[in-house]
Structure formats: structure tokens, C-alpha cells
Amino acid sequence: LSNSDIKIKSDYNTYINKGLPIGPIASPGVNSVKAVLYPEDTDYLFFAARADGSENIFSCTDVEHMKTVQMLQR
């Protein structure tokens with residue numbers, strides 16, 4: 001999401017419209033529902049994603065996460 005994205009005039013843009021959007025904004029798939037019902041046993045609490053969508057980096061601590069975010073923003 002970029003600064004230009006949040007200026008798009010759309011009924012779904014909650015940055016410029018108060019309240020909830022006019023309709024559904026997401027519909028989870030079966031794998032997403034299963035992941036919530038049966039989560040992995042892990043210590044990861046945070047994730048950060050590369051802006052191009054090529055990678056997600058998971059972290060166990062806030063300090064580790066903030067270092068990852070700073071590295072990705074360079």
C-alpha cells in the first residue's frame with residue numbers, strides 16, 4: 001500500500017471514507033480457515049514483507065522484528 005493508494009476515490013477506501021466499506025473486503029479461502037483453526041506450533045510473533053512481495057521474514061521478538069523492518073526499508 002502506497003501513499004498514492006490511500007488517495008484512490010473508492011467506496012472501499014477507509015482512509016477517506018468513515019465507517020465500514022459498502023460490502024465485503026475479503027473472503028478467506030479454505031487454507032486460511034484451516035490455518036486459524038490448526039495453527040503451527042511456533043515462536044514467531046511478527047512478520048515483515050518485502051515491498052515487491054518476494055519474501056516474508058518472520059521474527060520471534062520485537063527487537064528482531066524492528067531490525068528486519070529497518071533492513072527492508074533501506
# chains A, B, ... in the order shown; residues from 1 in each chain; ligands from 1
>>> select_by_dssp(residues="chain A", states="strand (DSSP E or B)", output="list in words")
Phe46, Phe47, Ala48, Ala49, Asn56, Ile57, Phe58 and Ser59 of chain A
>>> residues_around(residues="Arg74 of chain A", least_positions_apart="6", cutoff="12 Å", atoms="only C-alpha atoms", output="ChimeraX atom specification")
/A:50-51,67-68
>>> atom_distance(atom1="atom CA of Lys18 of chain A", atom2="atom CA of Val36 of chain A")
29.1 Å
>>> residues_around(residues="Val69 of chain A", least_positions_apart="5", cutoff="12 Å", atoms="only C-alpha atoms", output="PyMOL selection string")
chain A and resi 46-51+56-59+62-64+74
>>> atom_distance(atom1="atom CA of Ile25 of chain A", atom2="atom CA of Ser2 of chain A")
18.2 Å
>>> decode(residues="chain A", atoms="C-alpha atoms", output="mmCIF file, in the first residue's frame")
data_model
loop_
_atom_site.group_PDB
_atom_site.id
_atom_site.type_symbol
_atom_site.label_atom_id
_atom_site.label_comp_id
_atom_site.auth_asym_id
_atom_site.auth_seq_id
_atom_site.Cartn_x
_atom_site.Cartn_y
_atom_site.Cartn_z
ATOM 1 C CA LEU A 1 0.000 0.000 0.000
ATOM 2 C CA SER A 2 1.493 3.304 -1.040
ATOM 3 C CA ASN A 3 0.606 6.904 -0.225
ATOM 4 C CA SER A 4 -0.984 7.231 -3.666
ATOM 5 C CA ASP A 5 -3.131 4.136 -2.995
ATOM 6 C CA ILE A 6 -4.748 5.676 0.073
ATOM 7 C CA LYS A 7 -5.941 8.624 -2.024
ATOM 8 C CA ILE A 8 -7.901 6.499 -4.535
ATOM 9 C CA LYS A 9 -11.563 7.512 -4.593
ATOM 10 C CA SER A 10 -13.416 4.278 -3.872
ATOM 11 C CA ASP A 11 -16.295 3.268 -1.611
ATOM 12 C CA TYR A 12 -13.885 0.693 -0.156
ATOM 13 C CA ASN A 13 -11.177 3.221 0.765
ATOM 14 C CA THR A 14 -11.470 3.539 4.542
ATOM 15 C CA TYR A 15 -8.694 6.132 4.565
ATOM 16 C CA ILE A 16 -11.070 8.673 3.024
ATOM 17 C CA ASN A 17 -14.484 7.208 3.980
ATOM 18 C CA LYS A 18 -15.725 6.911 7.543
ATOM 19 C CA GLY A 19 -17.067 3.594 8.805
ATOM 20 C CA LEU A 20 -17.103 0.206 7.160
ATOM 21 C CA PRO A 21 -16.958 -0.318 3.388
ATOM 22 C CA ILE A 22 -20.139 -0.905 1.392
ATOM 23 C CA GLY A 23 -19.560 -4.654 1.109
ATOM 24 C CA PRO A 24 -17.170 -7.498 1.899
ATOM 25 C CA ILE A 25 -13.479 -6.648 1.655
ATOM 26 C CA ALA A 26 -12.095 -10.171 1.898
ATOM 27 C CA SER A 27 -13.208 -13.757 1.634
ATOM 28 C CA PRO A 28 -10.787 -16.227 3.203
ATOM 29 C CA GLY A 29 -10.025 -19.477 1.426
ATOM 30 C CA VAL A 30 -10.191 -22.950 2.932
ATOM 31 C CA ASN A 31 -6.440 -22.983 3.671
ATOM 32 C CA SER A 32 -6.715 -19.704 5.590
ATOM 33 C CA VAL A 33 -9.545 -21.053 7.735
ATOM 34 C CA LYS A 34 -7.592 -24.261 8.411
ATOM 35 C CA ALA A 35 -4.525 -22.220 9.392
ATOM 36 C CA VAL A 36 -6.564 -20.349 12.001
ATOM 37 C CA LEU A 37 -8.203 -23.494 13.353
ATOM 38 C CA TYR A 38 -4.967 -25.515 13.402
ATOM 39 C CA PRO A 39 -2.061 -23.065 13.781
ATOM 40 C CA GLU A 40 1.567 -24.137 13.544
ATOM 41 C CA ASP A 41 3.408 -24.523 16.851
ATOM 42 C CA THR A 42 5.973 -21.733 16.500
ATOM 43 C CA ASP A 43 7.603 -18.911 18.430
ATOM 44 C CA TYR A 44 7.209 -16.449 15.553
ATOM 45 C CA LEU A 45 5.090 -13.459 16.573
ATOM 46 C CA PHE A 46 5.973 -10.936 13.838
ATOM 47 C CA PHE A 47 6.488 -10.803 10.103
ATOM 48 C CA ALA A 48 7.619 -8.208 7.605
ATOM 49 C CA ALA A 49 7.297 -8.436 3.847
ATOM 50 C CA ARG A 50 9.475 -7.140 1.039
ATOM 51 C CA ALA A 51 7.677 -4.362 -0.845
ATOM 52 C CA ASP A 52 7.778 -6.385 -4.074
ATOM 53 C CA GLY A 53 6.056 -9.337 -2.387
ATOM 54 C CA SER A 54 9.003 -11.662 -2.975
ATOM 55 C CA GLU A 55 9.640 -12.606 0.646
ATOM 56 C CA ASN A 56 8.168 -12.663 4.145
ATOM 57 C CA ILE A 57 10.613 -12.565 7.059
ATOM 58 C CA PHE A 58 9.435 -13.896 10.424
ATOM 59 C CA SER A 59 10.732 -12.827 13.847
ATOM 60 C CA CYS A 60 10.293 -14.028 17.417
ATOM 61 C CA THR A 61 10.947 -10.749 19.233
ATOM 62 C CA ASP A 62 10.030 -7.107 18.772
ATOM 63 C CA VAL A 63 13.712 -6.137 18.649
ATOM 64 C CA GLU A 64 14.429 -8.684 15.909
ATOM 65 C CA HIS A 65 11.336 -7.527 14.001
ATOM 66 C CA MET A 66 12.328 -3.846 14.149
ATOM 67 C CA LYS A 67 15.801 -4.695 12.807
ATOM 68 C CA THR A 68 14.179 -6.574 9.923
ATOM 69 C CA VAL A 69 11.846 -3.673 9.148
ATOM 70 C CA GLN A 70 14.774 -1.223 9.132
ATOM 71 C CA MET A 71 16.735 -3.529 6.817
ATOM 72 C CA LEU A 72 13.787 -3.824 4.415
ATOM 73 C CA GLN A 73 13.251 -0.057 4.319
ATOM 74 C CA ARG A 74 16.802 0.633 3.095
#
